[in-house]
Structure formats: C-alpha cells, structure tokens
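Next comes final18.cif, a file with mmCIF, C-alpha atoms.
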```cif
data_entry
#
loop_
_atom_site.label_atom_id
_atom_site.label_comp_id
_atom_site.auth_asym_id
_atom_site.auth_seq_id
_atom_site.Cartn_x
_atom_site.Cartn_y
_atom_site.Cartn_z
CA MET A 9 -27.22 -27.40 -21.19
CA LEU A 10 -25.24 -29.05 -18.44
CA ASP A 11 -22.76 -26.18 -18.39
CA SER A 12 -25.41 -23.54 -18.01
CA ARG A 13 -26.84 -25.47 -15.06
CA ILE A 14 -23.42 -25.49 -13.45
CA LEU A 15 -23.19 -21.74 -13.93
CA LEU A 16 -26.61 -21.25 -12.42
CA LYS A 17 -25.64 -23.45 -9.49
CA SER A 18 -22.48 -21.45 -8.89
CA LEU A 19 -24.62 -18.32 -8.76
CA ASN A 20 -26.89 -19.93 -6.19
CA ASP A 21 -23.93 -21.11 -4.14
CA LEU A 22 -22.53 -17.61 -4.20
CA GLU A 23 -25.81 -16.20 -2.94
CA VAL A 24 -25.70 -18.51 0.06
CA ARG A 25 -22.10 -17.58 0.78
CA ILE A 26 -22.95 -13.88 0.61
CA MET A 27 -25.63 -14.40 3.25
CA LEU A 28 -23.06 -16.05 5.52
CA CYS A 29 -20.33 -13.47 4.81
CA LYS A 30 -19.12 -11.69 7.94
CA SER A 31 -15.93 -9.85 7.04
CA ALA A 32 -14.65 -7.38 4.46
CA PHE A 33 -11.95 -9.84 3.43
CA GLU A 34 -14.52 -12.55 2.77
CA TRP A 35 -16.63 -10.02 0.88
CA GLU A 36 -13.74 -9.16 -1.45
CA LEU A 37 -13.25 -12.83 -2.28
CA LEU A 38 -16.94 -13.19 -3.04
CA ALA A 39 -16.91 -10.05 -5.17
CA LYS A 40 -14.04 -11.48 -7.22
CA LYS A 41 -15.91 -14.75 -7.53
CA TYR A 42 -18.97 -12.85 -8.74
CA VAL A 43 -16.94 -11.01 -11.39
CA ASP A 44 -15.49 -14.35 -12.55
CA VAL A 45 -18.88 -16.05 -12.74
CA GLU A 46 -20.32 -13.05 -14.57
CA SER A 47 -17.59 -13.18 -17.20
CA ASN A 48 -17.97 -16.97 -17.48
CA ILE A 49 -21.67 -16.52 -18.17
CA LYS A 50 -20.99 -13.82 -20.76
CA ASN A 51 -18.42 -16.07 -22.45
CA PHE A 52 -20.73 -19.03 -22.35
CA PHE A 53 -23.54 -17.24 -24.15
CA LYS A 54 -21.15 -15.18 -26.28
CA LYS A 55 -23.15 -13.53 -29.02
CA LYS A 56 -26.50 -14.76 -27.80
CA LYS A 57 -28.53 -12.74 -25.40
CA ILE A 58 -28.10 -13.80 -21.79
CA PRO A 59 -31.26 -15.68 -20.74
CA GLU A 60 -33.57 -13.82 -18.44
CA ASN A 61 -33.12 -16.19 -15.50
CA PHE A 62 -29.36 -15.67 -15.63
CA ALA A 63 -29.70 -11.92 -15.97
CA ILE A 64 -32.05 -11.79 -13.00
CA ALA A 65 -29.79 -14.03 -10.94
CA LEU A 66 -26.76 -11.83 -11.73
CA ASP A 67 -28.65 -8.65 -10.83
CA THR A 68 -29.93 -10.15 -7.60
CA LEU A 69 -26.46 -11.32 -6.69
CA ARG A 70 -24.91 -7.94 -7.39
CA ALA A 71 -27.60 -6.26 -5.31
CA SER A 72 -26.97 -8.66 -2.42
CA LEU A 73 -23.23 -8.04 -2.63
CA VAL A 74 -23.76 -4.26 -2.54
CA GLN A 75 -26.23 -4.65 0.32
CA LYS A 76 -23.79 -6.84 2.24
CA LYS A 77 -20.94 -4.38 1.68
CA GLY A 78 -23.14 -1.67 3.18
CA GLU A 79 -24.05 -3.87 6.14
CA LEU A 80 -20.46 -4.70 7.02
CA PRO A 81 -18.64 -2.26 9.35
CA PRO A 82 -17.74 0.96 7.50
CA VAL A 83 -14.31 0.97 5.87
CA ASP A 84 -11.67 2.50 8.10
CA LEU A 85 -10.25 5.56 6.37
CA SER A 86 -7.50 6.34 8.88
CA ASP A 87 -4.80 4.64 6.75
CA PHE A 88 -6.00 6.51 3.71
CA PHE A 89 -5.24 9.88 5.25
CA LYS A 90 -1.74 8.97 6.49
CA MET B 11 50.28 -42.93 73.21
CA GLY B 12 51.56 -39.43 73.70
CA LEU B 13 54.22 -40.02 71.07
CA ILE B 14 51.72 -41.33 68.53
CA LYS B 15 49.47 -38.33 69.08
CA ALA B 16 52.41 -35.95 68.68
CA VAL B 17 53.38 -37.67 65.39
CA ALA B 18 49.78 -37.50 64.14
CA ASP B 19 49.55 -33.78 65.01
CA ALA B 20 52.81 -33.09 63.21
CA VAL B 21 51.57 -34.92 60.10
CA MET B 22 48.28 -33.01 60.16
CA GLU B 23 50.12 -29.70 60.58
CA LYS B 24 52.37 -30.48 57.60
CA ALA B 25 49.41 -31.51 55.47
CA LYS B 26 47.67 -28.22 56.29
CA HIS B 27 50.71 -26.23 55.17
CA GLU B 28 50.98 -28.26 51.96
CA VAL B 29 47.30 -27.69 51.11
CA LYS B 30 47.68 -23.99 51.85
CA ASP B 31 50.72 -23.73 49.56
CA TYR B 32 48.91 -25.64 46.84
CA LEU B 33 45.89 -23.30 47.01
CA ILE B 34 48.11 -20.19 46.87
CA LYS B 35 49.91 -21.56 43.84
CA PHE B 36 46.59 -22.43 42.15
CA MET B 37 45.25 -18.93 42.74
CA GLU B 38 48.39 -17.35 41.29
CA GLU B 39 48.21 -19.53 38.19
CA GLU B 40 44.57 -18.56 37.66
CA LYS B 41 45.42 -14.85 37.93
CA GLU B 42 48.19 -15.24 35.38
CA LYS B 43 45.84 -17.01 32.98
CA GLU B 44 43.30 -14.18 33.24
CA LYS B 45 46.00 -11.61 32.55
CA LYS B 46 47.13 -13.50 29.49
CA THR B 47 43.58 -13.79 28.04
CA GLU B 48 43.04 -10.04 28.55
CA GLU B 49 46.23 -9.28 26.70
CA ILE B 50 45.22 -11.57 23.82
CA LYS B 51 41.81 -9.85 23.61
CA LYS B 52 43.46 -6.45 23.50
CA GLU B 53 45.58 -7.63 20.63
CA GLU B 54 42.56 -9.02 18.76
CA ILE B 55 40.41 -5.87 18.99
CA PRO B 56 42.53 -3.74 16.65
CA ALA B 57 42.41 -6.63 14.14
CA ALA B 58 38.58 -6.66 14.27
CA VAL B 59 38.52 -2.88 13.89
CA LEU B 60 40.73 -3.26 10.87
CA LYS B 61 38.40 -5.88 9.40
CA GLU B 62 35.41 -3.59 9.94
CA SER B 63 37.14 -0.67 8.31
CA VAL B 64 37.98 -2.92 5.36
CA LYS B 65 34.32 -3.94 5.14
CA ALA B 66 33.23 -0.31 5.32
CA GLU B 67 35.61 0.49 2.51
CA GLU B 68 34.19 -2.36 0.47
CA LEU B 69 30.68 -1.08 1.09
CA LYS B 70 31.79 2.39 0.08
CA GLU B 71 33.21 0.94 -3.07
CA GLU B 72 29.89 -0.83 -3.71
CA ASP B 73 28.07 2.44 -3.16
CA ASP B 74 30.43 4.12 -5.54
CA GLU B 75 29.64 1.42 -8.06
CA ASP B 76 25.91 2.07 -7.54
CA GLU B 77 26.40 5.74 -8.08
CA GLU B 78 27.89 4.94 -11.42
CA ILE B 79 24.50 3.75 -12.74
CA LEU B 80 23.83 5.63 -15.92
CA PRO B 81 20.36 6.35 -17.24
CA LEU B 82 19.18 4.06 -20.01
CA ILE B 83 17.04 6.78 -21.50
CA GLU B 84 16.55 10.51 -21.35
CA SER B 85 12.91 10.14 -20.50
CA GLU B 86 10.23 12.74 -20.12
CA PHE B 87 7.87 11.75 -17.38
CA THR B 88 4.24 12.34 -18.18
CA LYS B 89 1.50 11.54 -15.77
CA PHE B 90 -1.32 9.81 -17.57
CA THR B 91 -4.44 7.80 -17.03
CA TYR B 92 -5.81 5.19 -19.39
CA LYS B 93 -8.88 6.39 -21.28
CA VAL B 94 -10.13 2.85 -21.45
CA LYS B 95 -8.22 0.08 -19.80
CA PRO B 96 -6.76 -2.15 -22.55
CA LYS B 97 -8.01 -5.71 -22.44
CA ASP B 98 -4.56 -7.26 -22.16
CA PHE B 99 -1.47 -6.15 -20.34
CA THR B 100 1.28 -5.49 -22.89
CA ILE B 101 4.78 -4.07 -22.79
CA PRO B 102 5.50 -1.82 -25.79
CA GLY B 103 8.47 -3.03 -27.85
CA GLU B 104 10.33 0.24 -27.31
CA LEU B 105 10.03 -0.15 -23.54
CA ALA B 106 10.90 -3.86 -23.64
CA ASP B 107 14.20 -3.00 -25.36
CA ILE B 108 15.03 -0.64 -22.52
CA ILE B 109 13.99 -2.69 -19.52
CA LYS B 110 15.62 -5.89 -20.70
CA MET B 111 18.91 -4.20 -19.80
CA LEU B 112 17.89 -3.78 -16.16
CA PRO B 113 19.31 -6.09 -13.47
CA VAL B 114 16.98 -8.86 -12.32
CA GLU B 115 15.62 -7.16 -9.20
CA GLU B 116 15.10 -3.81 -10.88
CA PHE B 117 13.51 -5.55 -13.85
CA ALA B 118 11.11 -7.49 -11.61
CA CYS B 119 10.22 -4.36 -9.66
CA PHE B 120 9.63 -2.38 -12.85
CA VAL B 121 7.38 -5.04 -14.41
CA LYS B 122 5.42 -5.41 -11.17
CA LEU B 123 5.01 -1.64 -11.01
CA MET B 124 3.89 -1.62 -14.60
CA ILE B 125 1.26 -4.26 -13.93
CA PHE B 126 0.13 -2.21 -10.93
CA VAL B 127 -0.02 0.92 -13.10
CA PHE B 128 -2.09 -1.02 -15.61
CA GLU B 129 -4.44 -2.25 -12.89
CA GLN B 130 -4.96 1.18 -11.32
CA LYS B 131 -5.15 2.84 -14.75
CA LYS B 132 -2.62 5.60 -13.95
CA ASN B 133 1.17 5.71 -14.01
CA PHE B 134 1.65 7.56 -10.74
CA GLY B 135 0.96 7.05 -7.07
CA TYR B 136 2.43 6.99 -3.62
CA ILE B 137 5.52 4.99 -2.68
CA GLY B 138 5.56 3.11 0.57
CA ASN B 139 4.84 -0.14 2.30
CA THR B 140 1.37 -0.31 0.83
CA LEU B 141 2.78 -0.12 -2.67
CA ARG B 142 5.42 -2.73 -1.83
CA ARG B 143 2.68 -5.09 -0.67
CA LYS B 144 0.36 -4.28 -3.53
CA ILE B 145 2.91 -5.10 -6.18
CA GLY B 146 3.78 -8.32 -4.37
CA LEU B 147 7.26 -7.48 -3.15
CA GLU B 148 6.71 -8.40 0.49
CA SER B 149 9.86 -10.50 0.32
CA PHE B 150 11.89 -7.32 -0.15
CA GLU B 151 12.84 -5.55 3.03
CA ASN B 152 12.07 -1.85 3.18
CA GLU B 153 15.67 -0.85 2.59
CA LYS B 154 16.04 -3.20 -0.34
CA PHE B 155 12.82 -1.94 -1.89
CA ASP B 156 13.92 1.68 -1.44
CA LYS B 157 17.28 0.86 -2.98
CA THR B 158 15.65 -0.85 -5.97
CA VAL B 159 13.36 2.13 -6.51
CA GLU B 160 16.35 4.43 -6.23
CA ASN B 161 18.20 2.39 -8.85
CA LEU B 162 15.19 2.48 -11.16
CA GLU B 163 15.27 6.24 -10.82
CA LYS B 164 18.96 6.24 -11.72
CA TYR B 165 18.23 4.13 -14.78
CA GLY B 166 15.76 6.81 -15.79
CA VAL B 167 12.65 4.65 -15.90
CA LEU B 168 11.04 6.00 -12.75
CA LYS B 169 10.75 9.43 -11.19
CA VAL B 170 10.40 9.88 -7.46
CA GLU B 171 9.06 13.07 -5.92
CA GLN B 172 9.21 13.94 -2.23
CA VAL B 173 5.73 15.21 -1.45
CA SER B 174 6.24 15.79 2.25
CA ASP B 175 8.57 14.64 5.03
CA ASN B 176 7.08 11.17 5.03
CA GLN B 177 5.48 10.84 1.64
CA LYS B 178 6.94 10.18 -1.76
CA THR B 179 5.23 9.72 -5.08
CA PHE B 180 6.40 8.01 -8.21
CA ILE B 181 5.83 8.40 -11.93
CA LEU B 182 6.58 5.30 -13.97
CA TYR B 183 7.99 5.73 -17.44
CA VAL B 184 5.62 4.22 -19.95
CA PRO B 185 5.63 5.49 -23.55
CA PHE B 186 2.64 7.77 -24.01
CA ASP B 187 0.02 6.50 -26.40
CA GLU B 188 -2.53 9.11 -27.43
CA GLU B 189 -5.08 6.50 -28.41
CA THR B 190 -5.38 4.83 -25.05
CA MET B 191 -4.01 7.41 -22.64
CA VAL B 192 -4.82 10.90 -21.52
CA LYS B 193 -2.47 13.28 -19.72
CA ALA B 194 -3.34 13.80 -16.07
CA GLU B 195 -2.66 17.46 -15.66
CA TYR B 196 -4.17 19.52 -12.97
CA GLN B 197 -6.42 22.28 -14.21
CA LYS B 198 -7.26 25.05 -11.86
CA PRO B 199 -11.01 25.04 -11.33
CA GLU B 200 -12.84 28.07 -12.64
CA LYS B 201 -14.40 30.51 -10.23
CA THR B 202 -17.86 29.35 -11.18
CA GLN B 203 -16.95 25.89 -9.99
CA GLN B 204 -16.04 27.26 -6.62
CA LYS B 205 -19.56 28.45 -5.96
CA LYS B 206 -21.00 26.65 -3.06
CA VAL B 207 -23.53 24.07 -4.04
CA GLU B 208 -25.91 22.18 -1.90
CA LYS B 209 -23.90 19.35 -0.42
CA LYS B 210 -26.27 16.96 1.27
CA PRO B 211 -26.51 13.75 -0.79
CA VAL B 212 -30.06 13.04 -1.77
CA LYS B 213 -31.28 9.54 -1.71
CA LYS B 214 -34.35 9.34 -3.89
CA GLY B 215 -36.03 10.63 -6.99
CA ASP B 216 -34.85 13.29 -9.41
CA GLU B 217 -32.54 14.81 -6.86
CA GLU B 218 -30.24 11.81 -7.14
CA GLU B 219 -28.36 13.58 -9.88
CA LYS B 220 -27.18 16.42 -7.64
CA PRO B 221 -24.41 14.57 -5.81
CA VAL B 222 -23.24 13.18 -9.13
CA GLU B 223 -22.62 16.65 -10.52
CA LYS B 224 -20.96 17.68 -7.35
CA GLN B 225 -18.77 14.61 -7.48
CA ASN B 226 -17.29 15.87 -10.74
CA ASP B 227 -16.68 19.32 -9.31
CA GLN B 228 -14.92 17.91 -6.33
CA GLN B 229 -12.88 15.23 -7.99
CA ASP B 230 -9.74 17.33 -7.79
CA ASP B 231 -10.33 17.81 -4.10
CA ILE B 232 -10.39 14.16 -3.16
CA PRO B 233 -7.96 13.77 -0.29
CA GLY B 234 -5.38 11.14 -1.08
CA LYS B 235 -5.78 11.60 -4.79
CA ALA B 236 -2.52 12.52 -6.47
CA VAL B 237 -3.23 15.80 -8.19
CA PHE B 238 -0.70 17.36 -10.50
CA GLY B 239 0.78 20.54 -9.11
CA MET B 240 -0.83 20.12 -5.77
CA GLU B 241 1.28 17.35 -4.36
CA ASN B 242 3.98 19.66 -3.16
CA ASP B 243 1.54 21.77 -1.31
CA ASP B 244 1.77 21.31 2.43
CA LEU B 245 -1.58 22.99 2.61
CA TYR B 246 -3.14 20.04 0.87
CA LYS B 247 -1.67 17.72 3.46
CA SER B 248 -3.24 19.84 6.18
CA TYR B 249 -6.52 19.68 4.31
CA ARG B 250 -6.39 15.90 4.31
CA THR B 251 -5.90 15.90 8.06
CA PHE B 252 -8.74 18.37 8.38
CA VAL B 253 -11.07 16.14 6.35
CA SER B 254 -10.11 13.12 8.40
CA LEU B 255 -10.93 14.97 11.62
CA GLU B 256 -14.18 16.32 10.23
CA ILE B 257 -15.30 12.82 9.27
CA ASP B 258 -14.49 11.59 12.77
CA LYS B 259 -16.41 14.49 14.27
CA ALA B 260 -19.37 13.81 12.01
CA LYS B 261 -19.29 10.14 13.02
CA MET B 262 -19.59 11.17 16.67
CA ARG B 263 -22.27 13.73 15.88
CA VAL B 264 -24.65 11.52 13.94
CA GLY B 265 -24.15 8.41 16.03
CA ARG B 266 -23.13 4.90 15.09
CA SER B 267 -26.41 3.69 13.60
CA ASN B 268 -26.95 6.79 11.46
CA PHE B 269 -23.36 6.65 10.29
CA ASP B 270 -23.88 3.02 9.26
CA LYS B 271 -26.94 4.09 7.26
CA ILE B 272 -24.96 6.85 5.54
CA TYR B 273 -22.25 4.31 4.75
CA MET B 274 -24.86 1.99 3.26
CA GLU B 275 -26.14 4.81 1.05
CA ALA B 276 -22.58 5.64 0.06
CA VAL B 277 -21.91 2.05 -1.01
CA LYS B 278 -25.10 1.96 -3.09
CA TYR B 279 -24.31 5.33 -4.63
CA ILE B 280 -20.73 4.39 -5.53
CA ASP B 281 -21.92 1.13 -7.06
CA LYS B 282 -24.50 2.96 -9.13
CA LYS B 283 -22.24 5.79 -10.22
CA TYR B 284 -18.87 4.10 -10.71
CA GLY B 285 -19.72 0.46 -11.19
CA PHE B 286 -19.37 -2.64 -9.11
CA LYS B 287 -15.62 -3.11 -9.63
CA VAL B 288 -14.87 0.07 -7.69
CA LEU B 289 -16.38 -1.51 -4.57
CA SER B 290 -13.70 -4.17 -4.51
CA ASP B 291 -10.89 -1.75 -5.43
CA SER B 292 -9.87 -0.64 -1.96
CA GLU B 293 -8.06 2.60 -2.89
CA LYS B 294 -10.64 3.85 -5.33
CA PHE B 295 -13.46 2.96 -3.00
CA LYS B 296 -11.82 4.96 -0.23
CA GLU B 297 -11.40 7.91 -2.59
CA TYR B 298 -15.04 7.92 -3.57
CA LEU B 299 -16.21 7.22 -0.05
CA THR B 300 -14.25 10.22 1.23
CA ASN B 301 -15.77 12.31 -1.51
CA TYR B 302 -19.22 11.14 -0.49
CA TYR B 303 -18.54 11.99 3.16
CA ILE B 304 -17.28 15.44 2.15
CA SER B 305 -20.57 15.95 0.43
CA ALA B 306 -22.74 14.35 3.08
CA PHE B 307 -21.21 16.09 6.09
CA ASP B 308 -20.86 19.55 4.52
CA ILE B 309 -17.07 19.46 4.76
CA PRO B 310 -15.57 22.41 2.84
CA THR B 311 -13.85 21.59 -0.43
CA PHE B 312 -10.13 22.18 -0.71
CA GLU B 313 -10.58 25.49 -2.51
CA SER B 314 -13.01 26.94 -0.01
CA TRP B 315 -11.01 25.60 2.92
CA LYS B 316 -7.85 27.16 1.48
CA LYS B 317 -9.51 30.56 1.37
CA THR B 318 -10.11 30.45 5.11
CA LYS B 319 -6.45 29.62 5.70
CA VAL B 320 -4.81 32.20 3.42
#
```
Kindly transcribe the structure held in the file into structure tokens.
Amino acid sequence: MLDSRILLKSLNDLEVRIMLCKSAFEWELLAKKYVDVESNIKNFFKKKKIPENFAIALDTLRASLVQKKGELPPVDLSDFFK
Amino acid sequence: MGLIKAVADAVMEKAKHEVKDYLIKFMEEEKEKEKKTEEIKKEEIPAAVLKESVKAEELKEEDDEDEEILPLIESEFTKFTYKVKPKDFTIPGELADIIKMLPVEEFACFVKLMIFVFEQKKNFGYIGNTLRRKIGLESFENEKFDKTVENLEKYGVLKVEQVSDNQKTFILYVPFDEETMVKAEYQKPEKTQQKKVEKKPVKKGDEEEKPVEKQNDQQDDIPGKAVFGMENDDLYKSYRTFVSLEIDKAKMRVGRSNFDKIYMEAVKYIDKKYGFKVLSDSEKFKEYLTNYYISAFDIPTFESWKKTKV
C-alpha cells in the first residue's frame, strides 16, 4: 500500500514539474521519468489490472507532456537537413 | 694650480680612451657570439629535419601496418530493421566470437554502435559527429573516430558508403535473424501510389485517418531517412534542401502563431499515431515532423518533385 502511494506521489510530482518545464531538454528528462514511472507502475501491479486512479493519472500525465511538447518552441529542423 | 688641472685633464682624457676601447671590444665580442649562435643553429636544423623525416617514416610504417588489417569475416551486409525490438540487448554468439578479436578501441566502438543500432531498431544510418556523440564517443577526436570506423571496415564488420561529398552512411554487420528482423530494401512505389492525394492534415472527426494513410505512402520520401538505393542519388539531396526551404517559406507565410499551432497539432498527431516514445526520440520525431509538414504545407513528394526536375 505504501509503495503504491509513493508511485502516485511521484506521478503528482511529475505533473508539477511538467507545468514548470520551460525547455526541450527539461522536457526530455521528464518524458524519460514518465516512461520509468509508467513501467514501475506496470511492474508493481504485474498481472493485476492497473487501478483506475493510476490509469487516469498516467493518461493525464501523458496528455500534459504532449501538450507541453507542443507548447515549447518548435523543434529546429535545420540540422536534420544538413 | 695650472699643473694640477693639466694632470687632471690628462687623466680624464686617458680614462675616456680606455672606456672607448673597452666598449669597442665589448661590441666586437657580442658580434662574435651572435655569429657563433647562428652557425650552431644552422648545424642543428638539418638534424631536426632528419628527426622529422625519421618520424614520418615511422608513421608511414604504422600506416603500412594499418593497411595490413585483414578482414575477420567475408560478410554480406544486409540492411535490416527490427520487426519488434527485443526486450534485452544481446550479442549473438557467432558475432561475439568475431568481435572479441578486435582491438580495444574498435571493439568498444563496435559494441557502442551495436547498442545504438539496437536502440534505433535499424543497422544503418549516417556517420558523423552526431553519431559519435550519440554512441558516447565524445572523448574520441574526429580523426580518431574516423580511423576507428575505417579499421572496423577493414575488419569487415562495418560497411561505409559515401552518399555525397559530405555525407557517409554505415551498415553494421549483425547476423540476420528472420524471426526478429526484416530486410530494409527500397521498393519503387507503384504508379497508383504516386497519384496526388489531398495533403492538408485534418484535425477532427472521421477525416483524421487521411493523413495516416498518406503517411504510409510518403514514408519512403521522408527527407533524412536512409532509403535503400536512393542514398546515392544527388537528386534526393537536392530534394531535402528543397523541403527545408519550403518549410521555411511556409513558416513565413503562415506566421509564427499559426506555425506554433500546426506544430502543436503535429506533436499530438505523432503521439497518437506512433506512440509517446517517438516524441522523445529526437531523430524519429524530426522524421515524422518533416513528414507532417510535407503534408500540411502541400510540399511535393520526392516522386512528384523528381518529375518536375527530369
């Protein structure tokens, strides 16, 4: 029970950090963190179904990450075409 | 008094002459010293030249030694992509037997490249500074990295292709496994695929599927994507430049705020279509973003653009 609370807290912390995120570099770190937390949650519940509150929190977090990525300055493609 | 003054004058006069003589002698000695040092230098220069020539010969010998590298295998290079990325990174036993014979630096470079190949799910890509950084070989200077890659090519575990004056691509030798891999061969699109389709990405409703279909049609046209058989085509390089310019033009045309909105839609679309991980994979994201822009800004596909050039 304690572990699942920690996981939920890390999701909440991540949400706050996403709101404060201001650079693409920071965003990438948060995205990695999100992927880690997501896999931790999946491992924690293993064969059981992920509880609804966790599933909702993960979805919300993913949506905020995508939203934030879109809000940050567009990726510069000039290097890509060199 | 007159006598004393005369004596004093005589002494002063003599002292002046002595000082003058001393200065002249001093100057002459200095000149001689300078001449001697110049002569010594002249003698030393040929010795240094000799040393340099010896060094050059040693380097030549080293180069000759490098040229003697023999391939470890007679490998056939196949470009492939992983069907599904295996859960764990593994080195096949057959390959391990080969690469354990590589020198330390080449071995490290090969394993790092292999991990990179595993991460990007394909065994080919561009060689350059970006690759050097991506595989974590920043500590290698450019020349050293190039040399290591060259050696890997000599050992027969890597193939380098010169795509253009400035660009090279590589194919890493990894034994082909039919279960997990699929050959990445370029197939010429059929004529029906070349038919112009509506290109504007649609944001809502049923029409959301349209850009998805188009995405598949255009996948071979993604600038920057290594496409088999097309890499050697200078025309493709020109196309990439063309796309870059068209995107810049479109950015100016639609204005900053509209462009930001389009970017936002692109991010959402890529997340929905290709999954969240693509967003944090810089190269893939750029590929798909370019593809989205091609669609959104009515930029001709490679095939249709080529027709206007031929």
Any chance you could tabulate, as a Markdown table, the residues of chain B at most 12 Å from chain A with each one's nearest atom pair and distance in Å to one decimal, using all atoms listed in the file, in chain and rising number order?
```
| residue | atom | partner | partner_atom | distance |
| --- | --- | --- | --- | --- |
| B:Tyr136 | CA | A:Lys90 | CA | 11.1 |
| B:Gly138 | CA | A:Lys90 | CA | 11.1 |
| B:Asn139 | CA | A:Asp87 | CA | 11.6 |
| B:Thr140 | CA | A:Asp87 | CA | 9.9 |
| B:Ser174 | CA | A:Lys90 | CA | 11.3 |
| B:Asp175 | CA | A:Lys90 | CA | 11.9 |
| B:Asn176 | CA | A:Lys90 | CA | 9.2 |
| B:Gln177 | CA | A:Lys90 | CA | 8.9 |
| B:Ile232 | CA | A:Phe89 | CA | 10.8 |
| B:Pro233 | CA | A:Phe89 | CA | 7.3 |
| B:Gly234 | CA | A:Phe89 | CA | 6.5 |
| B:Lys235 | CA | A:Phe88 | CA | 9.9 |
| B:Tyr246 | CA | A:Phe89 | CA | 11.3 |
| B:Lys247 | CA | A:Phe89 | CA | 8.8 |
| B:Ser248 | CA | A:Phe89 | CA | 10.2 |
| B:Tyr249 | CA | A:Phe89 | CA | 9.9 |
| B:Arg250 | CA | A:Phe89 | CA | 6.2 |
| B:Thr251 | CA | A:Phe89 | CA | 6.7 |
| B:Phe252 | CA | A:Phe89 | CA | 9.7 |
| B:Val253 | CA | A:Phe89 | CA | 8.6 |
| B:Ser254 | CA | A:Phe89 | CA | 6.6 |
| B:Leu255 | CA | A:Ser86 | CA | 9.7 |
| B:Ile257 | CA | A:Leu85 | CA | 9.3 |
| B:Asp258 | CA | A:Ser86 | CA | 9.6 |
| B:Lys261 | CA | A:Pro82 | CA | 10.8 |
| B:Arg266 | CA | A:Pro82 | CA | 10.1 |
| B:Ser267 | CA | A:Pro81 | CA | 10.7 |
| B:Asn268 | CA | A:Pro82 | CA | 11.6 |
| B:Phe269 | CA | A:Pro82 | CA | 8.5 |
| B:Asp270 | CA | A:Pro82 | CA | 6.7 |
| B:Lys271 | CA | A:Gly78 | CA | 8.0 |
| B:Ile272 | CA | A:Gly78 | CA | 9.0 |
| B:Tyr273 | CA | A:Gly78 | CA | 6.2 |
| B:Met274 | CA | A:Gly78 | CA | 4.0 |
| B:Glu275 | CA | A:Gly78 | CA | 7.5 |
| B:Ala276 | CA | A:Gly78 | CA | 8.0 |
| B:Val277 | CA | A:Gly78 | CA | 5.7 |
| B:Lys278 | CA | A:Val74 | CA | 6.4 |
| B:Tyr279 | CA | A:Val74 | CA | 9.8 |
| B:Ile280 | CA | A:Val74 | CA | 9.6 |
| B:Asp281 | CA | A:Val74 | CA | 7.3 |
| B:Lys282 | CA | A:Val74 | CA | 9.8 |
| B:Gly285 | CA | A:Arg70 | CA | 10.6 |
| B:Phe286 | CA | A:Arg70 | CA | 7.9 |
| B:Lys287 | CA | A:Val43 | CA | 8.2 |
| B:Val288 | CA | A:Ala39 | CA | 10.6 |
| B:Leu289 | CA | A:Val74 | CA | 8.1 |
| B:Ser290 | CA | A:Glu36 | CA | 5.9 |
| B:Asp291 | CA | A:Glu36 | CA | 8.9 |
| B:Ser292 | CA | A:Val83 | CA | 9.1 |
| B:Glu293 | CA | A:Phe88 | CA | 7.9 |
| B:Lys294 | CA | A:Phe88 | CA | 10.5 |
| B:Phe295 | CA | A:Val83 | CA | 9.1 |
| B:Lys296 | CA | A:Leu85 | CA | 6.8 |
| B:Glu297 | CA | A:Phe88 | CA | 8.4 |
| B:Tyr298 | CA | A:Leu85 | CA | 11.3 |
| B:Leu299 | CA | A:Val83 | CA | 8.8 |
| B:Thr300 | CA | A:Leu85 | CA | 8.0 |
| B:Asn301 | CA | A:Leu85 | CA | 11.8 |
| B:Tyr303 | CA | A:Leu85 | CA | 11.0 |
```
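Coordinates place atom CA of Asp31 of chain B at a distance of 27.4 Å from atom CA of Glu49 of chain B.
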For the atom pair atom CA of Gln172 of chain B and atom CA of Thr158 of chain B, what is the interatomic distance in Å to one decimal place? 16.6 Å
Can you give me, as a ChimeraX atom specification, the residues this file yields under the PyMOL selection byres ((chain A and resi 15-28) around 10)? /A:10-14,29-31,34-35,38-39,41-42,45-46,48-49,52,61-62,65-66,68-70,72-73,75-77
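Taking only C-alpha atoms into account, those protein, DNA and RNA residues with any atom at most 8 Å away from (1.1, 4.5, -21.1) amount to B:Phe90, B:Thr91, B:Tyr92, B:Asn133, B:Tyr183, B:Val184, B:Pro185, B:Phe186, B:Asp187, B:Thr190, B:Met191.
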What is the distance between atom CA of Asp244 of chain B and atom CA of Asp156 of chain B, in Å to one decimal? 23.4 Å
When the PyMOL selection byres ((chain B and resi 161-166) around 9) is applied to the structure above, which residues does it catch, written out as number ranges by chain? B: 76-77, 79-85, 112, 116-117, 119-120, 156-160, 167-170, 183
